[in-house]
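Asks: So here's start_20.cif (mmCIF, C-alpha atoms).
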data_my_file
#
loop_
_atom_site.label_atom_id
_atom_site.label_comp_id
_atom_site.auth_asym_id
_atom_site.auth_seq_id
_atom_site.Cartn_x
_atom_site.Cartn_y
_atom_site.Cartn_z
CA MET K 225 48.01 -25.18 95.90
CA ALA K 226 45.36 -27.81 96.44
CA GLY K 227 42.71 -25.21 95.83
CA LEU K 228 44.20 -24.22 92.50
CA PHE K 229 44.05 -27.71 91.02
CA SER K 230 40.77 -29.58 91.32
CA ASN K 231 40.02 -33.09 90.26
CA ASN K 232 36.60 -31.98 88.97
CA LEU K 233 37.85 -30.97 85.55
CA HIS K 234 35.33 -29.86 82.89
CA VAL K 235 35.60 -32.20 79.94
CA PRO K 236 33.70 -31.07 76.76
CA LYS K 237 31.00 -33.49 75.76
CA ASN K 238 31.56 -35.25 72.43
CA VAL K 239 28.90 -34.16 69.95
CA ASP K 240 28.12 -36.35 66.97
CA MET K 241 27.66 -33.77 64.21
CA LYS K 242 26.29 -36.38 61.82
CA ASP K 243 23.35 -37.01 64.15
CA ARG K 244 22.82 -33.28 64.63
CA VAL K 245 22.77 -32.65 60.88
CA ALA K 246 20.45 -35.62 60.36
CA ASP K 247 18.08 -34.25 63.02
CA PHE K 248 18.13 -30.84 61.32
CA TRP K 249 17.16 -32.21 57.92
CA ARG K 250 14.66 -34.63 59.46
CA THR K 251 12.91 -31.68 61.11
CA ASP K 252 12.81 -29.83 57.78
CA ALA K 253 11.38 -32.87 56.04
CA GLU K 254 8.63 -33.21 58.65
CA THR K 255 7.62 -29.55 58.73
CA ASP K 256 8.20 -28.30 55.18
CA PRO K 257 5.71 -28.97 52.38
CA ILE K 258 6.59 -31.23 49.47
CA LYS K 259 8.56 -29.22 46.91
CA HIS K 260 8.39 -29.79 43.16
CA THR K 261 10.27 -28.18 40.31
CA LEU K 262 8.08 -25.32 39.13
CA ARG K 263 10.21 -24.20 36.22
CA PRO K 264 13.50 -25.19 34.58
CA ILE K 265 16.65 -23.32 35.63
CA VAL K 266 19.59 -24.27 33.38
CA THR K 267 18.11 -25.29 30.05
CA GLY K 268 19.16 -26.50 26.63
CA THR K 269 17.35 -25.65 23.43
CA SER K 270 16.61 -27.53 20.20
CA VAL K 271 17.49 -31.15 19.48
CA LEU K 272 17.10 -32.30 15.87
CA GLY K 273 16.84 -35.78 14.39
CA VAL K 274 16.55 -37.32 10.91
CA LYS K 275 16.04 -40.95 9.89
CA CYS K 276 18.14 -41.99 6.88
CA VAL K 277 18.37 -45.07 4.68
CA ASP K 278 21.56 -46.20 6.41
CA GLY K 279 20.98 -44.96 9.96
CA VAL K 280 19.85 -42.04 12.11
CA VAL K 281 21.45 -38.63 12.75
CA ILE K 282 20.69 -36.32 15.69
CA ALA K 283 22.23 -33.00 16.67
CA ALA K 284 22.17 -30.43 19.49
CA ASP K 285 24.19 -27.40 20.46
CA THR K 286 26.24 -27.17 23.66
CA LEU K 287 24.69 -24.12 25.34
CA GLY K 288 23.18 -24.25 28.82
CA SER K 289 21.14 -21.09 29.35
CA TYR K 290 20.63 -19.74 32.87
CA GLY K 291 17.41 -17.90 32.14
CA SER K 292 18.35 -15.54 29.32
CA LEU K 293 22.06 -15.69 30.20
CA ALA K 294 24.25 -17.84 27.93
CA ARG K 295 25.99 -19.20 31.02
CA PHE K 296 27.41 -22.64 30.20
CA ARG K 297 28.90 -23.15 26.74
CA ASP K 298 30.12 -26.74 26.98
CA VAL K 299 26.99 -28.64 27.99
CA GLN K 300 26.77 -31.95 26.14
CA ARG K 301 23.14 -32.89 25.55
CA LEU K 302 23.73 -36.03 23.46
CA MET K 303 24.31 -39.32 25.28
CA LYS K 304 25.35 -42.75 24.09
CA VAL K 305 23.15 -45.34 25.85
CA ASN K 306 24.70 -48.42 24.24
CA ASP K 307 26.16 -49.46 20.89
CA SER K 308 22.84 -48.99 19.10
CA VAL K 309 21.05 -46.10 20.86
CA LEU K 310 21.68 -42.36 21.31
CA ILE K 311 19.45 -39.86 23.10
CA GLY K 312 19.29 -36.08 23.05
CA GLY K 313 17.76 -33.92 25.76
CA PHE K 314 15.88 -30.62 25.58
CA GLY K 315 14.85 -28.65 28.67
CA ASP K 316 16.16 -28.66 32.23
CA TYR K 317 19.72 -29.98 32.30
CA ALA K 318 19.58 -31.23 35.89
CA ASP K 319 16.60 -33.42 35.03
CA PHE K 320 18.42 -34.65 31.92
CA GLN K 321 21.40 -35.60 34.11
CA HIS K 322 18.99 -37.62 36.26
CA ILE K 323 17.73 -39.42 33.14
CA MET K 324 21.31 -40.11 32.03
CA LYS K 325 22.06 -41.58 35.46
CA LEU K 326 19.06 -43.93 35.18
CA LEU K 327 20.11 -45.05 31.69
CA ASN K 328 23.69 -45.60 32.81
CA GLN K 329 22.40 -47.90 35.54
CA HIS K 330 20.40 -49.82 32.93
CA SER K 331 23.57 -50.27 30.87
CA ILE K 332 25.44 -51.51 33.95
CA ASP K 333 22.65 -53.98 34.73
CA ASP K 334 22.77 -55.33 31.16
CA ALA K 335 26.55 -55.73 31.36
CA VAL K 336 26.35 -57.51 34.73
CA ILE K 337 23.75 -59.99 33.47
CA GLY K 338 25.99 -60.68 30.48
CA ASP K 339 23.47 -62.64 28.43
CA GLY K 340 24.15 -60.65 25.25
CA VAL K 341 20.69 -59.05 25.27
CA TYR K 342 20.62 -55.28 25.06
CA ARG K 343 17.90 -52.64 24.93
CA ASP K 344 17.20 -51.46 21.41
CA ALA K 345 15.86 -48.03 20.46
CA PRO K 346 12.10 -48.88 20.71
CA SER K 347 12.72 -50.36 24.18
CA ILE K 348 14.48 -47.20 25.39
CA HIS K 349 11.79 -45.02 23.78
CA ASN K 350 8.94 -46.89 25.48
CA TRP K 351 10.78 -46.92 28.80
CA MET K 352 11.33 -43.15 28.58
CA ARG K 353 7.62 -42.67 27.84
CA CYS K 354 6.71 -44.60 31.00
CA VAL K 355 9.20 -42.70 33.16
CA LEU K 356 8.10 -39.27 31.97
CA TYR K 357 4.39 -40.10 32.18
CA ASN K 358 4.87 -41.53 35.68
CA ARG K 359 6.56 -38.34 36.90
CA ARG K 360 3.89 -36.22 35.22
CA SER K 361 1.17 -38.24 36.99
CA LYS K 362 2.82 -37.38 40.33
CA PHE K 363 2.63 -33.68 39.39
CA ASN K 364 6.43 -33.58 39.53
CA PRO K 365 7.47 -33.88 35.86
CA LEU K 366 10.97 -34.15 34.50
CA TRP K 367 11.16 -30.96 32.43
CA ASN K 368 12.61 -32.59 29.33
CA THR K 369 11.78 -33.61 25.81
CA ILE K 370 13.84 -36.63 24.77
CA ILE K 371 14.84 -37.68 21.25
CA VAL K 372 15.70 -41.38 20.92
CA ALA K 373 17.76 -42.43 17.89
CA GLY K 374 19.01 -45.90 17.14
CA LYS K 375 18.29 -49.31 15.67
CA THR K 376 15.70 -51.99 16.27
CA TYR K 377 16.66 -55.61 16.97
CA SER K 378 16.23 -56.25 13.24
CA GLY K 379 18.67 -53.45 12.36
CA GLU K 380 16.09 -50.93 11.09
CA PRO K 381 16.69 -47.22 11.83
CA TYR K 382 14.46 -45.82 14.56
CA LEU K 383 13.73 -42.23 15.60
CA GLY K 384 11.37 -41.42 18.49
CA TYR K 385 10.14 -38.39 20.43
CA VAL K 386 8.72 -38.14 23.96
CA ASP K 387 7.92 -34.97 25.91
CA LYS K 388 7.62 -34.22 29.62
CA ILE K 389 4.00 -35.38 29.92
CA GLY K 390 4.58 -38.68 28.13
CA VAL K 391 3.36 -37.80 24.63
CA SER K 392 5.44 -39.94 22.26
CA PHE K 393 5.61 -40.81 18.60
CA GLU K 394 7.96 -42.08 15.90
CA ASP K 395 8.71 -40.10 12.73
CA LYS K 396 11.20 -39.61 9.90
CA SER K 397 12.29 -36.24 11.33
CA VAL K 398 11.80 -34.73 14.79
CA ALA K 399 12.75 -31.49 16.52
CA THR K 400 12.26 -29.88 19.92
CA GLY K 401 11.97 -26.30 21.10
CA PHE K 402 12.33 -23.51 18.58
CA GLY K 403 13.66 -26.07 16.13
CA SER K 404 10.17 -27.52 15.71
CA TYR K 405 9.15 -24.22 14.08
CA ILE K 406 12.28 -23.41 12.06
CA ALA K 407 14.34 -26.57 11.52
CA GLN K 408 11.52 -29.10 11.15
CA PRO K 409 10.17 -27.55 7.89
CA MET K 410 13.72 -27.54 6.51
CA MET K 411 14.21 -31.22 7.35
CA ARG K 412 10.82 -32.23 5.94
CA ARG K 413 11.50 -30.43 2.71
CA ALA K 414 14.94 -32.03 2.41
CA LEU K 415 13.42 -35.49 2.94
CA GLU K 416 10.74 -34.81 0.32
CA GLU K 417 13.39 -33.82 -2.20
CA ASN K 418 15.71 -36.67 -1.24
CA PRO K 419 13.78 -39.63 0.25
CA ASN K 420 16.91 -41.81 0.17
CA MET K 421 19.02 -39.45 2.25
CA THR K 422 22.23 -40.91 3.64
CA CYS K 423 23.80 -40.18 7.01
CA ALA K 424 26.55 -38.11 5.35
CA GLN K 425 23.94 -35.92 3.67
CA ALA K 426 21.96 -35.70 6.92
CA ARG K 427 24.99 -34.39 8.81
CA VAL K 428 25.29 -31.55 6.28
CA LEU K 429 21.57 -30.85 6.74
CA MET K 430 21.94 -30.82 10.54
CA ALA K 431 24.77 -28.28 10.35
CA ARG K 432 22.66 -26.05 8.09
CA CYS K 433 19.63 -26.26 10.39
CA LEU K 434 21.69 -25.45 13.48
CA LYS K 435 23.26 -22.50 11.66
CA VAL K 436 19.80 -21.08 10.92
CA LEU K 437 18.77 -21.69 14.53
CA PHE K 438 21.84 -19.78 15.69
CA TYR K 439 20.66 -16.84 13.59
CA ARG K 440 17.06 -17.03 14.81
CA ASP K 441 17.03 -18.54 18.31
CA CYS K 442 18.43 -16.36 21.11
CA ARG K 443 19.02 -19.52 23.22
CA ALA K 444 21.17 -21.22 20.56
CA LEU K 445 24.94 -21.32 20.15
CA ASN K 446 27.20 -21.83 17.14
CA ARG K 447 28.83 -24.84 18.80
CA PHE K 448 27.17 -28.21 18.43
CA GLN K 449 27.56 -31.97 18.33
CA ILE K 450 26.20 -34.47 15.82
CA GLY K 451 25.43 -38.07 16.73
CA THR K 452 25.20 -40.87 14.16
CA VAL K 453 23.81 -44.38 14.47
CA THR K 454 24.61 -46.86 11.67
CA SER K 455 25.06 -50.59 11.28
CA ASP K 456 28.66 -50.10 12.46
CA GLY K 457 27.57 -48.65 15.82
CA CYS K 458 26.97 -45.16 17.12
CA GLU K 459 29.21 -42.18 17.75
CA ILE K 460 28.99 -38.58 18.92
CA SER K 461 31.24 -36.01 17.30
CA GLU K 462 33.41 -33.53 19.12
CA PRO K 463 31.89 -30.03 19.38
CA MET K 464 32.12 -28.13 16.10
CA SER K 465 30.88 -24.87 14.58
CA THR K 466 29.95 -23.43 11.18
CA ASP K 467 30.93 -20.21 9.41
CA THR K 468 28.38 -17.45 9.90
CA ASP K 469 27.70 -14.21 8.04
CA TRP K 470 26.14 -11.37 10.00
CA SER K 471 26.32 -8.85 7.17
CA ILE K 472 22.64 -9.61 6.51
CA GLY K 473 21.90 -7.90 9.81
CA ALA K 474 22.23 -4.49 8.11
CA ASN K 475 19.35 -5.20 5.67
CA PRO K 476 16.25 -5.35 7.93
CA SER K 477 14.76 -1.96 8.79
CA GLY K 478 11.95 -0.64 10.93
CA TYR K 479 13.16 -2.14 14.21
CA GLU K 480 15.30 0.74 15.44
#
Is it possible to give me this structure as structure tokens?
Replies:
Amino acid sequence: MAGLFSNNLHVPKNVDMKDRVADFWRTDAETDPIKHTLRPIVTGTSVLGVKCVDGVVIAADTLGSYGSLARFRDVQRLMKVNDSVLIGGFGDYADFQHIMKLLNQHSIDDAVIGDGVYRDAPSIHNWMRCVLYNRRSKFNPLWNTIIVAGKTYSGEPYLGYVDKIGVSFEDKSVATGFGSYIAQPMMRRALEENPNMTCAQARVLMARCLKVLFYRDCRALNRFQIGTVTSDGCEISEPMSTDTDWSIGANPSGYE
């Protein structure tokens, strides 16, 4: 019996899996080359913006395209930064989520300081220009074009544009993606005909532009949100849609 039971029992050695996983990733980090985003994966299309006499209106649809696949249909690409600034993002949605995370941290920092000072629209616009140009200079750009809508410290409406390489400007109407070719002429013409456009009229214009983009842009969706910045604050609407008429599709010929 003594030979059957030995005191030299084999006890399994405790292995710290956290250290093993850390060693695995550390080895990858030391041996693999630096990896940058070479092209966007899940993307959003046009963002539109118009400056009005009583505020600013921006709009974007809710489609996240996985290549040419209309994969995600509830992607919200408008973000409220604070009570006076909204942004809209075009391009890679993961990079836009990173930008939203950075802006959320800025809002938290402002609230913690509690001195009543907040970042107005020109401040956010200039900060976004620096961030995007900095990433471009590292040859690792954030694949986004950002529309900044809001108010200045003096209460004036402000509408700015900045792309992934840091090119930025301010204008009465801005658009990204396919919207810069189709919706921008519509917005410019509307502003020429009605220089004193109100936010209510601009929301109607935004819905019309997005409807045309849905007809013409294969990466667009008939489900969108409209954001408004006025002296009373800023808000983003719930997703909505417009009535469409595809009977016109029977008229064109020569493409069979």
Asks: Take the PyMOL selection byres ((chain K and resi 367) around 8), apply it to the structure above, and return the hits as a VMD selection string.
Replies: chain K and resid 263 to 264 315 to 316 319 365 to 366 368 to 369 388
Asks: Name the residues that the PyMOL selection byres ((chain K and resi 439-442) around 9) picks from the file above, as number ranges by chain, using the file's chain letters and numbers.
Replies: K: 269, 292, 402-403, 406, 434-438, 443-446, 468, 470
Asks: Atoms to include: C-alpha atoms. Write the selected residues as an mmCIF file, in the coordinates of the input.
Replies:
data_model
loop_
_atom_site.group_PDB
_atom_site.id
_atom_site.type_symbol
_atom_site.label_atom_id
_atom_site.label_comp_id
_atom_site.auth_asym_id
_atom_site.auth_seq_id
_atom_site.Cartn_x
_atom_site.Cartn_y
_atom_site.Cartn_z
ATOM 1 C CA THR K 269 17.350 -25.650 23.430
ATOM 2 C CA SER K 292 18.350 -15.540 29.320
ATOM 3 C CA PHE K 402 12.330 -23.510 18.580
ATOM 4 C CA GLY K 403 13.660 -26.070 16.130
ATOM 5 C CA ILE K 406 12.280 -23.410 12.060
ATOM 6 C CA LEU K 434 21.690 -25.450 13.480
ATOM 7 C CA LYS K 435 23.260 -22.500 11.660
ATOM 8 C CA VAL K 436 19.800 -21.080 10.920
ATOM 9 C CA LEU K 437 18.770 -21.690 14.530
ATOM 10 C CA PHE K 438 21.840 -19.780 15.690
ATOM 11 C CA ARG K 443 19.020 -19.520 23.220
ATOM 12 C CA ALA K 444 21.170 -21.220 20.560
ATOM 13 C CA LEU K 445 24.940 -21.320 20.150
ATOM 14 C CA ASN K 446 27.200 -21.830 17.140
ATOM 15 C CA THR K 468 28.380 -17.450 9.900
ATOM 16 C CA TRP K 470 26.140 -11.370 10.000
#
Asks: Can you spell out as number ranges by chain the set of residues that the PyMOL selection byres ((chain K and resi 287) around 6) selects in the structure I just provided?
Replies: K: 285-286, 288, 296-297, 299, 445
Asks: For the residues in the current selection, export C-alpha atoms as a tab-separated table (two decimals), in the frame of the given file.
Replies:
chain	number	residue	atom	x	y	z
K	285	ASP	CA	24.19	-27.40	20.46
K	286	THR	CA	26.24	-27.17	23.66
K	288	GLY	CA	23.18	-24.25	28.82
K	296	PHE	CA	27.41	-22.64	30.20
K	297	ARG	CA	28.90	-23.15	26.74
K	299	VAL	CA	26.99	-28.64	27.99
K	445	LEU	CA	24.94	-21.32	20.15
Asks: CA of Ser455 (chain K) and CA of Val309 (chain K), how far apart in Å?
Replies: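 Between CA of Val309 (chain K) and CA of Ser455 (chain K) the gap works out to 11.3 Å.
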Asks: Excluding region 411-422 of chain K and any residue of its chain fewer than 5 positions from it, enumerate the residues within 12 Å of it, using all atoms listed in the file, and give them as number ranges by chain.
Replies: K: 272-282, 381, 395-399, 403-406, 427-434, 452-454
Asks: Could you write out that same residue set with C-alpha atoms as a PDB file, keeping the file's coordinate frame?
Replies:
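See result-v3.pdb below for the written result:
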ATOM      1  CA  LEU K 272      17.100 -32.300  15.870  1.00  0.00           C
ATOM      2  CA  GLY K 273      16.840 -35.780  14.390  1.00  0.00           C
ATOM      3  CA  VAL K 274      16.550 -37.320  10.910  1.00  0.00           C
ATOM      4  CA  LYS K 275      16.040 -40.950   9.890  1.00  0.00           C
ATOM      5  CA  CYS K 276      18.140 -41.990   6.880  1.00  0.00           C
ATOM      6  CA  VAL K 277      18.370 -45.070   4.680  1.00  0.00           C
ATOM      7  CA  ASP K 278      21.560 -46.200   6.410  1.00  0.00           C
ATOM      8  CA  GLY K 279      20.980 -44.960   9.960  1.00  0.00           C
ATOM      9  CA  VAL K 280      19.850 -42.040  12.110  1.00  0.00           C
ATOM     10  CA  VAL K 281      21.450 -38.630  12.750  1.00  0.00           C
ATOM     11  CA  ILE K 282      20.690 -36.320  15.690  1.00  0.00           C
ATOM     12  CA  PRO K 381      16.690 -47.220  11.830  1.00  0.00           C
ATOM     13  CA  ASP K 395       8.710 -40.100  12.730  1.00  0.00           C
ATOM     14  CA  LYS K 396      11.200 -39.610   9.900  1.00  0.00           C
ATOM     15  CA  SER K 397      12.290 -36.240  11.330  1.00  0.00           C
ATOM     16  CA  VAL K 398      11.800 -34.730  14.790  1.00  0.00           C
ATOM     17  CA  ALA K 399      12.750 -31.490  16.520  1.00  0.00           C
ATOM     18  CA  GLY K 403      13.660 -26.070  16.130  1.00  0.00           C
ATOM     19  CA  SER K 404      10.170 -27.520  15.710  1.00  0.00           C
ATOM     20  CA  TYR K 405       9.150 -24.220  14.080  1.00  0.00           C
ATOM     21  CA  ILE K 406      12.280 -23.410  12.060  1.00  0.00           C
ATOM     22  CA  ARG K 427      24.990 -34.390   8.810  1.00  0.00           C
ATOM     23  CA  VAL K 428      25.290 -31.550   6.280  1.00  0.00           C
ATOM     24  CA  LEU K 429      21.570 -30.850   6.740  1.00  0.00           C
ATOM     25  CA  MET K 430      21.940 -30.820  10.540  1.00  0.00           C
ATOM     26  CA  ALA K 431      24.770 -28.280  10.350  1.00  0.00           C
ATOM     27  CA  ARG K 432      22.660 -26.050   8.090  1.00  0.00           C
ATOM     28  CA  CYS K 433      19.630 -26.260  10.390  1.00  0.00           C
ATOM     29  CA  LEU K 434      21.690 -25.450  13.480  1.00  0.00           C
ATOM     30  CA  THR K 452      25.200 -40.870  14.160  1.00  0.00           C
ATOM     31  CA  VAL K 453      23.810 -44.380  14.470  1.00  0.00           C
ATOM     32  CA  THR K 454      24.610 -46.860  11.670  1.00  0.00           C
TER      33      THR K 454
END
Asks: One decimal, in Å: what's the spacing between CA of His330 (chain K) and CA of Ile389 (chain K)?
Replies: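 Taking CA of His330 (chain K) and CA of Ile389 (chain K), their separation equals 22.1 Å.
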Asks: Select, from K:Val305, K:Gly313, K:Gly340, K:Asp298, the residue with the minimum atom-to-atom distance to Leu327 (chain K), counting all atoms listed in the file.
Replies: K:Val305
Asks: Go ahead and compute the interatomic distance for CA of Val391 (chain K) and CA of Val372 (chain K), in Å to one decimal.
Replies: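 Separating CA of Val391 (chain K) from CA of Val372 (chain K) is a distance of 13.4 Å.
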Asks: Which residues are close to Ile371 (chain K), i.e. within 10 Å by all atoms listed in the file, leaving aside same-chain residues fewer than 5 positions away? Reply as a list in words.
Replies: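 Skipping anything fewer than 5 positions along the chain leaves Val271, Leu272, Gly273, Ile282, Ala283, Leu302, Leu310, Ile311, Gly312, Gly313, Phe314, His349, Met352, Leu383, Gly384, Tyr385, Val386, Asp387, Ser392, Glu394, Val398, Ala399 and Thr400 of chain K.
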Asks: Using only C-alpha atoms, which of K:Arg295, K:His322, K:Arg447, K:Lys375 sits nearest Tyr342 (chain K)?
Replies: K:Lys375
Asks: Taking only C-alpha atoms into account, name the residue in K:Ala284, K:Ala345, K:Ile460, K:Cys423 that is nearest to Phe448 (chain K).
Replies: K:Ala284
Asks: Which one of K:Gly338, K:Gly374, K:Gly390, K:Gly457 sits closest to Trp351 (chain K) if you count all atoms listed in the file?
Replies: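 Residue with the minimum atom-to-atom distance to Trp351 (chain K): K:Gly390.
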